[in-house]
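Novice: Next up, data-v7.cif (mmCIF, C-alpha atoms and all ligand atoms).
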data_final
loop_
_atom_site.label_atom_id
_atom_site.label_comp_id
_atom_site.auth_asym_id
_atom_site.auth_seq_id
_atom_site.Cartn_x
_atom_site.Cartn_y
_atom_site.Cartn_z
CA MET T 1 97.20 124.12 92.94
CA PHE T 2 100.54 125.29 94.31
CA ASP T 3 103.37 126.68 92.20
CA VAL T 4 106.11 124.03 92.09
CA LYS T 5 108.75 126.54 90.98
CA GLN T 6 107.94 128.69 93.99
CA VAL T 7 107.86 125.69 96.34
CA ARG T 8 111.30 124.54 95.17
CA LYS T 9 112.77 127.85 96.35
CA ASP T 10 112.00 126.70 99.90
CA PHE T 11 114.45 123.80 99.42
CA PRO T 12 117.99 125.15 98.78
CA ILE T 13 119.33 121.60 98.43
CA LEU T 14 117.29 121.10 95.25
CA SER T 15 119.42 123.61 93.37
CA ARG T 16 122.76 121.96 94.09
CA SER T 17 124.54 119.81 91.56
CA VAL T 18 125.74 116.24 91.91
CA ASN T 19 128.54 114.87 89.74
CA GLY T 20 128.34 117.99 87.61
CA GLN T 21 124.61 117.60 86.94
CA PRO T 22 121.61 119.26 88.57
CA LEU T 23 120.40 117.10 91.46
CA VAL T 24 117.23 115.11 90.71
CA TYR T 25 116.16 113.88 94.12
CA LEU T 26 113.88 110.84 93.82
CA ASP T 27 114.59 109.12 97.13
CA ASN T 28 111.77 110.73 99.06
CA ALA T 29 110.47 107.46 100.47
CA ALA T 30 113.77 107.11 102.37
CA THR T 31 113.80 110.69 103.60
CA SER T 32 112.29 113.93 102.38
CA GLN T 33 114.13 117.22 101.99
CA THR T 34 113.69 119.97 104.56
CA PRO T 35 112.38 123.41 103.65
CA LYS T 36 114.02 126.62 104.91
CA GLN T 37 111.00 127.34 107.09
CA VAL T 38 111.70 124.17 109.10
CA VAL T 39 115.49 124.58 109.21
CA GLU T 40 114.96 128.13 110.49
CA VAL T 41 112.76 126.87 113.31
CA ILE T 42 115.63 124.61 114.42
CA SER T 43 118.29 127.33 114.26
CA ASP T 44 115.95 129.80 115.95
CA TYR T 45 115.61 127.38 118.87
CA TYR T 46 119.38 127.12 119.30
CA TYR T 47 120.02 130.82 118.71
CA ARG T 48 117.30 132.15 120.99
CA TYR T 49 115.81 129.78 123.55
CA ASN T 50 117.77 126.53 123.88
CA ALA T 51 116.90 125.16 127.33
CA ASN T 52 115.69 121.95 128.89
CA ILE T 53 111.92 121.67 129.06
CA HIS T 54 109.30 121.01 131.75
CA ARG T 55 111.67 121.36 134.70
CA GLY T 56 112.80 124.97 134.61
CA VAL T 57 111.32 128.04 136.25
CA HIS T 58 113.37 130.35 134.06
CA LYS T 59 112.20 132.16 130.96
CA LEU T 60 114.13 130.15 128.36
CA SER T 61 112.89 126.86 129.76
CA GLN T 62 109.32 128.14 129.67
CA GLU T 63 109.67 129.28 126.07
CA ALA T 64 111.14 125.93 125.04
CA THR T 65 108.41 124.04 126.91
CA ASP T 66 105.69 126.16 125.31
CA ALA T 67 107.09 125.63 121.81
CA TYR T 68 107.48 121.87 122.35
CA GLU T 69 103.95 121.49 123.74
CA LYS T 70 102.56 123.69 120.97
CA ALA T 71 104.13 121.29 118.45
CA ARG T 72 102.39 118.41 120.23
CA THR T 73 99.07 120.22 119.78
CA THR T 74 99.85 120.88 116.10
CA ILE T 75 100.45 117.16 115.61
CA GLN T 76 97.30 116.31 117.58
CA THR T 77 95.23 118.66 115.41
CA HIS T 78 96.77 117.34 112.20
CA PHE T 79 95.90 113.72 113.00
CA ASN T 80 92.68 114.72 114.79
CA ALA T 81 93.58 112.91 118.00
CA ALA T 82 91.12 113.48 120.85
CA HIS T 83 93.78 114.69 123.32
CA PRO T 84 97.30 116.17 123.08
CA HIS T 85 98.53 113.55 125.60
CA GLU T 86 97.68 110.81 123.09
CA ILE T 87 100.65 112.07 121.04
CA ILE T 88 103.92 110.63 122.38
CA PHE T 89 107.15 112.05 121.00
CA THR T 90 109.63 109.33 120.04
CA SER T 91 112.81 109.17 117.99
CA GLY T 92 110.82 107.87 115.02
CA THR T 93 108.64 105.10 113.64
CA THR T 94 111.05 102.38 114.71
CA GLU T 95 111.09 103.49 118.32
CA SER T 96 107.31 104.03 118.36
CA ILE T 97 106.76 100.43 117.30
CA ASN T 98 109.25 99.21 119.89
CA VAL T 99 107.40 101.13 122.64
CA ILE T 100 104.24 99.18 121.85
CA ALA T 101 106.05 95.86 121.39
CA ALA T 102 107.83 96.25 124.74
CA GLY T 103 104.56 97.13 126.44
CA TYR T 104 102.78 94.04 125.19
CA ALA T 105 105.51 91.76 126.55
CA SER T 106 103.73 91.76 129.91
CA ILE T 107 100.24 91.52 128.39
CA LEU T 108 100.50 88.67 125.86
CA SER T 109 100.35 84.97 126.61
CA LYS T 110 101.14 81.79 124.68
CA GLU T 111 97.67 81.42 123.14
CA ASP T 112 97.74 84.90 121.63
CA GLU T 113 98.26 85.56 117.95
CA LEU T 114 99.69 88.57 116.18
CA LEU T 115 98.81 89.26 112.57
CA ILE T 116 101.24 91.08 110.36
CA SER T 117 101.03 92.03 106.69
CA ALA T 118 103.43 90.68 104.07
CA LEU T 119 104.06 94.26 102.96
CA GLU T 120 105.78 95.44 106.14
CA HIS T 121 109.02 97.32 106.61
CA HIS T 122 111.52 95.41 108.77
CA SER T 123 110.86 97.83 111.61
CA ASN T 124 107.27 96.55 111.73
CA ILE T 125 108.37 92.89 111.59
CA VAL T 126 111.39 92.39 113.82
CA PRO T 127 110.02 93.91 117.09
CA TRP T 128 107.02 91.55 116.83
CA GLN T 129 109.23 88.54 116.20
CA MET T 130 111.21 89.48 119.29
CA LEU T 131 107.97 89.88 121.24
CA CYS T 132 106.78 86.43 120.12
CA GLU T 133 110.06 84.90 121.24
CA LYS T 134 109.61 86.45 124.66
CA THR T 135 105.95 85.61 125.17
CA GLY T 136 105.40 82.43 123.14
CA ALA T 137 102.69 84.17 121.09
CA THR T 138 102.39 83.26 117.39
CA LEU T 139 103.07 85.58 114.47
CA LYS T 140 100.93 85.02 111.38
CA VAL T 141 101.28 86.71 108.01
CA ILE T 142 98.58 88.21 105.77
CA PRO T 143 99.77 87.21 102.28
CA MET T 144 100.17 89.61 99.36
CA THR T 145 99.13 89.37 95.73
CA LYS T 146 101.18 89.86 92.54
CA LEU T 147 99.78 93.39 92.23
CA GLY T 148 101.36 94.23 95.56
CA THR T 149 98.08 94.39 97.48
CA LEU T 150 97.00 92.44 100.56
CA ASP T 151 94.95 89.29 100.15
CA MET T 152 91.90 90.45 102.09
CA GLU T 153 90.13 87.12 101.94
CA ALA T 154 93.12 85.42 103.53
CA PHE T 155 93.19 88.21 106.11
CA GLU T 156 89.62 87.48 107.17
CA ASN T 157 90.35 83.78 107.42
CA LEU T 158 93.39 84.43 109.60
CA LEU T 159 91.51 86.65 112.04
CA ASN T 160 90.18 84.76 115.05
CA PRO T 161 89.32 85.41 118.70
CA ASN T 162 92.96 84.76 119.70
CA THR T 163 94.21 87.58 117.46
CA LYS T 164 95.39 90.30 119.84
CA LEU T 165 97.13 92.73 117.51
CA VAL T 166 97.21 93.43 113.79
CA PHE T 167 100.03 95.41 112.13
CA VAL T 168 99.74 96.96 108.71
CA ASN T 169 101.45 99.85 107.03
CA HIS T 170 99.14 102.51 105.69
CA VAL T 171 101.35 102.73 102.60
CA SER T 172 104.06 100.25 101.59
CA ASN T 173 107.45 101.94 101.32
CA ALA T 174 108.73 99.37 98.83
CA LEU T 175 105.77 99.42 96.42
CA GLY T 176 103.64 102.46 97.27
CA THR T 177 100.48 100.39 97.81
CA ILE T 178 97.84 102.20 99.88
CA ASN T 179 96.31 99.55 102.11
CA PRO T 180 92.56 99.46 102.95
CA ILE T 181 93.15 100.31 106.60
CA LYS T 182 89.53 101.20 107.40
CA GLU T 183 88.39 97.73 106.42
CA ILE T 184 91.30 96.10 108.24
CA ILE T 185 90.58 98.08 111.41
CA ASP T 186 86.83 97.39 111.38
CA LYS T 187 87.25 93.65 110.79
CA SER T 188 89.99 93.38 113.42
CA HIS T 189 87.86 95.22 115.97
CA GLN T 190 84.98 92.84 115.33
CA LYS T 191 87.25 90.05 116.60
CA GLY T 192 88.51 92.12 119.51
CA ALA T 193 92.00 92.75 118.08
CA LYS T 194 93.79 96.09 118.26
CA VAL T 195 95.47 97.55 115.19
CA LEU T 196 98.76 99.37 114.80
CA ILE T 197 99.10 101.34 111.58
CA ASP T 198 102.61 102.20 110.41
CA GLY T 199 102.03 105.60 108.87
CA ALA T 200 105.66 106.43 108.01
CA GLN T 201 105.09 106.23 104.29
CA ALA T 202 101.53 107.57 104.26
CA SER T 203 101.90 110.70 106.34
CA PRO T 204 103.88 112.67 103.71
CA HIS T 205 101.01 112.18 101.26
CA ILE T 206 97.77 111.56 103.14
CA LYS T 207 96.20 113.46 106.03
CA THR T 208 94.93 110.78 108.39
CA ASP T 209 92.07 111.24 110.86
CA VAL T 210 92.76 108.74 113.64
CA GLN T 211 89.31 109.16 115.20
CA ALA T 212 87.32 108.82 111.96
CA LEU T 213 89.25 105.63 111.15
CA ASN T 214 89.05 104.42 114.76
CA ILE T 215 92.81 103.77 114.79
CA ASP T 216 94.28 102.25 117.96
CA TYR T 217 97.94 103.10 117.32
CA TYR T 218 99.44 105.21 114.53
CA VAL T 219 103.18 105.82 114.16
CA THR T 220 105.31 107.99 111.91
CA SER T 221 108.66 109.78 111.52
CA ALA T 222 109.10 113.51 110.95
CA HIS T 223 111.93 113.06 108.43
CA LYS T 224 109.59 111.58 105.82
CA LEU T 225 107.37 114.66 105.88
CA CYS T 226 109.79 117.57 105.57
CA GLY T 227 110.91 117.44 109.20
CA PRO T 228 114.25 116.49 110.76
CA THR T 229 115.58 112.99 111.49
CA GLY T 230 115.53 111.55 114.98
CA VAL T 231 111.99 112.51 115.92
CA GLY T 232 108.61 110.94 115.36
CA MET T 233 105.41 110.11 117.10
CA LEU T 234 103.33 107.39 118.58
CA TYR T 235 99.61 108.06 118.62
CA GLY T 236 97.64 105.76 120.88
CA LYS T 237 94.10 105.89 122.23
CA GLU T 238 94.21 107.21 125.79
CA THR T 239 92.67 104.05 127.27
CA LEU T 240 95.21 101.83 125.51
CA LEU T 241 98.24 103.93 126.42
CA LYS T 242 97.13 103.98 130.03
CA GLU T 243 97.12 100.18 130.14
CA LEU T 244 100.64 99.86 128.73
CA PRO T 245 103.66 99.88 131.05
CA PRO T 246 106.33 102.56 130.45
CA TYR T 247 109.04 101.87 127.89
CA GLN T 248 112.13 103.33 129.51
CA GLY T 249 112.79 104.42 133.06
CA GLY T 250 114.43 107.73 133.88
CA GLY T 251 113.80 111.39 134.43
CA GLU T 252 110.65 113.08 133.17
CA MET T 253 108.55 109.88 133.20
CA ILE T 254 108.02 109.70 136.97
CA ALA T 255 105.54 111.21 139.42
CA SER T 256 107.66 110.40 142.49
CA VAL T 257 110.77 108.35 143.18
CA THR T 258 111.94 106.75 146.40
CA PHE T 259 114.20 103.73 146.72
CA GLU T 260 111.17 101.72 147.82
CA LYS T 261 108.74 102.67 145.11
CA THR T 262 108.44 104.86 142.03
CA THR T 263 105.16 106.03 140.60
CA TYR T 264 104.89 106.98 136.97
CA ALA T 265 103.90 110.26 135.46
CA ASP T 266 100.67 110.67 133.52
CA LEU T 267 100.46 110.57 129.75
CA PRO T 268 102.31 111.58 127.67
CA HIS T 269 105.31 111.82 130.02
CA LYS T 270 105.10 108.18 131.09
CA PHE T 271 106.53 107.29 127.67
CA GLU T 272 108.94 110.20 127.37
CA ALA T 273 111.87 109.39 129.66
CA GLY T 274 114.87 111.69 129.58
CA THR T 275 115.56 114.88 127.67
CA PRO T 276 113.88 114.58 124.29
CA ASN T 277 114.86 115.92 120.87
CA ILE T 278 113.43 119.34 121.71
CA SER T 279 114.28 121.24 118.54
CA GLY T 280 113.25 118.16 116.55
CA GLY T 281 109.82 118.06 118.16
CA ILE T 282 109.30 121.76 117.52
CA ALA T 283 110.44 121.30 113.91
CA PHE T 284 108.08 118.31 113.47
CA GLY T 285 105.22 120.70 114.22
CA ALA T 286 106.68 123.27 111.82
CA ALA T 287 106.95 120.65 109.07
CA LEU T 288 103.26 119.79 109.41
CA ASP T 289 102.40 123.49 109.37
CA TYR T 290 104.44 123.86 106.19
CA MET T 291 102.78 120.94 104.44
CA ASN T 292 99.29 121.91 105.56
CA LYS T 293 99.87 125.37 104.14
CA ILE T 294 100.65 123.81 100.77
CA ASP T 295 97.63 121.58 101.38
CA PHE T 296 97.51 117.79 101.45
CA GLU T 297 94.76 117.56 98.84
CA ALA T 298 96.85 119.60 96.42
CA ILE T 299 99.93 117.53 97.26
CA ALA T 300 98.08 114.26 96.65
CA SER T 301 96.60 115.31 93.32
CA TYR T 302 99.89 116.73 92.02
CA GLU T 303 101.82 113.62 93.08
CA ARG T 304 99.17 111.48 91.40
CA GLU T 305 99.87 113.31 88.13
CA LEU T 306 103.60 112.75 88.60
CA LEU T 307 102.96 109.05 89.21
CA ILE T 308 100.81 108.62 86.09
CA TYR T 309 103.30 110.55 83.94
CA ALA T 310 106.28 108.58 85.25
CA THR T 311 104.52 105.21 85.02
CA ASP T 312 103.54 105.88 81.39
CA ALA T 313 107.08 106.96 80.49
CA LEU T 314 108.88 104.12 82.23
CA LYS T 315 106.52 101.45 80.90
CA LYS T 316 107.65 102.34 77.38
CA ILE T 317 111.20 101.27 78.21
CA ASP T 318 111.97 97.83 76.79
CA GLY T 319 112.33 95.15 79.46
CA LEU T 320 111.39 97.43 82.35
CA LYS T 321 109.09 95.78 84.87
CA ILE T 322 107.27 97.69 87.60
CA TYR T 323 106.62 95.95 90.91
CA GLY T 324 103.49 97.03 92.76
CA GLU T 325 100.62 98.02 90.53
CA ALA T 326 97.83 98.52 93.02
CA SER T 327 95.12 100.88 91.80
CA GLU T 328 95.57 102.85 95.01
CA LYS T 329 99.21 103.84 95.39
CA THR T 330 101.39 106.79 96.24
CA ALA T 331 104.03 108.18 93.88
CA VAL T 332 106.52 105.33 94.17
CA ILE T 333 107.84 103.29 91.26
CA SER T 334 109.81 100.15 92.09
CA PHE T 335 111.29 98.52 89.01
CA ASN T 336 113.91 96.33 87.40
CA VAL T 337 115.15 96.10 83.83
CA GLY T 338 115.69 92.59 82.49
CA THR T 339 118.38 90.87 84.50
CA ILE T 340 120.37 94.03 85.19
CA HIS T 341 121.20 94.35 88.88
CA PRO T 342 119.32 97.29 90.46
CA TYR T 343 122.56 98.53 92.06
CA ASP T 344 124.18 98.98 88.63
CA ILE T 345 121.33 101.12 87.34
CA GLY T 346 121.31 103.14 90.58
CA SER T 347 125.06 103.80 90.33
CA ILE T 348 124.86 105.04 86.76
CA LEU T 349 121.87 107.24 87.60
CA ASP T 350 123.93 108.70 90.45
CA GLN T 351 126.63 109.64 87.95
CA MET T 352 123.92 111.71 86.24
CA GLY T 353 122.88 113.42 89.47
CA ILE T 354 119.74 111.30 89.89
CA ALA T 355 119.18 109.98 93.43
CA VAL T 356 117.14 106.78 93.60
CA ARG T 357 117.27 103.91 96.07
CA THR T 358 118.29 100.38 95.19
CA GLY T 359 118.04 97.18 97.20
CA HIS T 360 115.39 95.50 99.30
CA HIS T 361 114.09 98.75 100.90
CA CYS T 362 113.96 97.13 104.35
CA ALA T 363 111.24 94.82 103.03
CA GLN T 364 113.03 91.59 102.18
CA PRO T 365 109.88 89.44 102.36
CA ILE T 366 108.40 91.44 99.45
CA MET T 367 111.55 90.88 97.39
CA ASP T 368 111.42 87.16 98.21
CA PHE T 369 107.80 87.08 97.09
CA TYR T 370 108.81 88.41 93.66
CA ASN T 371 111.96 86.29 93.73
CA ILE T 372 114.28 89.25 93.11
CA PRO T 373 117.26 90.60 95.07
CA GLY T 374 115.82 94.09 95.09
CA THR T 375 114.52 96.89 92.91
CA VAL T 376 115.37 100.38 91.81
CA ARG T 377 112.94 102.69 93.56
CA ALA T 378 112.08 106.19 92.39
CA SER T 379 109.85 107.97 94.89
CA PHE T 380 108.38 111.38 94.21
CA SER T 381 107.43 114.33 96.34
CA PHE T 382 105.38 117.47 95.71
CA TYR T 383 108.58 119.40 94.94
CA ASN T 384 109.54 117.11 92.05
CA THR T 385 108.75 118.14 88.47
CA PHE T 386 107.71 116.54 85.20
CA GLU T 387 111.05 117.66 83.75
CA GLU T 388 112.83 115.61 86.40
CA ILE T 389 110.85 112.55 85.30
CA ASP T 390 112.06 113.17 81.74
CA VAL T 391 115.63 113.25 83.08
CA LEU T 392 115.01 109.95 84.90
CA ASP T 393 113.51 108.39 81.77
CA LYS T 394 116.53 109.41 79.66
CA GLY T 395 118.90 108.34 82.43
CA ILE T 396 117.46 104.83 82.65
CA ARG T 397 117.64 104.42 78.87
CA LYS T 398 121.27 105.52 78.89
CA ALA T 399 122.08 103.18 81.79
CA ILE T 400 120.56 100.25 79.90
CA LEU T 401 122.71 101.00 76.83
CA MET T 402 125.82 101.06 79.00
CA LEU T 403 124.95 97.86 80.87
CA GLN T 404 123.68 95.62 78.11
C1 LIG W 1 110.80 104.72 106.86
C2 LIG W 1 109.85 103.70 107.31
C3 LIG W 1 109.98 103.10 108.55
C4 LIG W 1 111.12 103.38 109.48
O1 LIG W 1 111.16 104.70 109.87
P1 LIG W 1 112.40 105.24 110.75
O2 LIG W 1 112.29 106.72 110.62
O3 LIG W 1 113.64 104.69 110.12
O4 LIG W 1 112.21 104.74 112.13
C5 LIG W 1 109.02 102.19 108.91
N1 LIG W 1 108.00 101.87 108.11
C6 LIG W 1 107.84 102.43 106.91
C7 LIG W 1 106.67 102.06 106.06
C8 LIG W 1 108.76 103.37 106.45
O5 LIG W 1 108.62 103.92 105.26
#
Is it possible to give me this structure as structure tokens?
Ligand SMILES: *Cc1c(COP(=O)(O)O)cnc(C)c1O
Specialist:
Amino acid sequence: MFDVKQVRKDFPILSRSVNGQPLVYLDNAATSQTPKQVVEVISDYYYRYNANIHRGVHKLSQEATDAYEKARTTIQTHFNAAHPHEIIFTSGTTESINVIAAGYASILSKEDELLISALEHHSNIVPWQMLCEKTGATLKVIPMTKLGTLDMEAFENLLNPNTKLVFVNHVSNALGTINPIKEIIDKSHQKGAKVLIDGAQASPHIKTDVQALNIDYYVTSAHKLCGPTGVGMLYGKETLLKELPPYQGGGEMIASVTFEKTTYADLPHKFEAGTPNISGGIAFGAALDYMNKIDFEAIASYERELLIYATDALKKIDGLKIYGEASEKTAVISFNVGTIHPYDIGSILDQMGIAVRTGHHCAQPIMDFYNIPGTVRASFSFYNTFEEIDVLDKGIRKAILMLQ
């Protein structure tokens, strides 16, 4: 097990104060904090070898290209993809999903069906709605249960030979539910459907093997796993990515250009038009290195303890209701207290230096299911402590006294 006190020294931001109180950062599901080791990789790039990649013959350009491509290999190894060119750098989960959605616009027809889970983030809903509008395909929804899990029986009944694509998040950002993606993938494949897994909320907690799970597409953002904002990845099986048309046209994604005809570059460049977020890509690799050094097994078991401790503490608070009680979940607690508006609790907690998120968490359909406007969400990371949970517990109790 790692030493949390030692780990926290890697994150200078964790020792600042907010409103006169020590910061208690519990908004990790929205974005994680960035360790010094990753920030230094970014500054090192700008201080020493800032240059555009792939096109230069000069030394700096070669160094930048090498570092960027090394990061791609680090990401490939982490997710156990078969080839580095199956890892496409994007600006994040949202863009990765849009790359796939745009590609399928020329592949889908009216008879086709897309199957989406009720637990999705808006970024894994809206691009598919837009795609259905364009193509005439139908979007169907796998319903959820009160516990915040997917109704797997309904899922099987919805699957049929017209189902072309299935979209499920690996972990729900609003509730923390870990979805049974292996089962979903296997059953979808039996009907000939491809599966896109939104890994944005899973990848900070779970090391995913895309080959072992036979995943078709896996997407995530670096900023949820100790990396910077504005960079993420799209993993796709080579055969599938080859069939998809490019997303954007421009430099870097071409093999040759004339005014009569342009031919596209091979993978991964076909999907990487223009100058990318170079330092971000390099830092994405550094963030995975950092987390792998701490060890994902150790992270998962420590966060599990935090979750159990926090759940036990918060359940003792009168009138507090937790949404999402799947047996398999990450360290996320979404809750409300009586009829108090989540925003009011969040604002008072902020006065005490405690950062939580309030609202619908970009998952309005889940809030509609529970018939609530939103929740307060406390989401934990490996650098959080049991003492911070005590502060949260006290803070919520104080907020209730002030609001009732
Ligand atoms: C954060 C998140 C997204 C969106 O990620 P961006 O980095 O904003 O593109 C999508 N899905 C889930 C499950 C998320 O947690």
Novice: Do you know which residues are at most 8 Å from Asp198 (chain T) counting all atoms listed in the file, after dropping those on the same chain fewer than 4 positions away, and could you put them as a PyMOL selection string?
Specialist: chain T and resi 93+124+167-171+218-220
Novice: Write out as a list of chain:residue names each polymer residue whose atoms come within 10 Å of Ile372 (chain T), counting all atoms listed in the file; drop sequence neighbours fewer than 6 positions from it.
Specialist: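 After dropping sequence-adjacent residues, the list is T:Asn336, T:Thr339, T:His341, T:Pro342, T:Gly359, T:His360, T:Gln364, T:Ile366.
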Novice: Show me which residues sit within 8 Å of ligand LIG 1 (chain W) when counting only C-alpha atoms and all ligand atoms, and put them as a VMD selection string.
Specialist: chain T and resid 29 to 31 91 to 96 120 to 124 169 to 174 198 to 202 220 to 224 229 to 232
Novice: Using all atoms listed in the file, which of the listed residues (T:Leu288, T:Ala51, T:Ala326, T:Ile13) sits closest to Lys207 (chain T)?
Specialist: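 Ranked by minimum distance to Lys207 (chain T), first place goes to T:Leu288.
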Novice: Using Å and a single decimal, report how far CA of Ile197 (chain T) sits from CA of Leu158 (chain T).
Specialist: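 Atom-to-atom, CA of Leu158 (chain T) to CA of Ile197 (chain T), that is 18.0 Å.
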Novice: In Å to one decimal, how far is CA of Pro276 (chain T) from CA of Asn52 (chain T)?
Specialist: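 Those two atoms sit 8.9 Å apart.
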Novice: Pick from T:Ile53, T:Leu175, T:Leu225, T:Val166: nearest to Ile299 (chain T), with all atoms listed in the file counted?
Specialist: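 Distance minimum relative to Ile299 (chain T) lands on T:Leu225.
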Novice: Record the distance separating CA of Ala331 (chain T) and CA of Gln351 (chain T), expressed in Å with one decimal.
Specialist: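 These two atoms are separated by 23.4 Å.
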Novice: Please provide the set of residues having any atom within 7 Å of region 277-287 of chain T, restricted to all atoms listed in the file, with same-chain residues fewer than 4 positions apart removed, written as a VMD selection string.
Specialist: chain T and resid 38 41 to 42 45 67 to 68 71 74 to 75 222 225 to 228 231 291
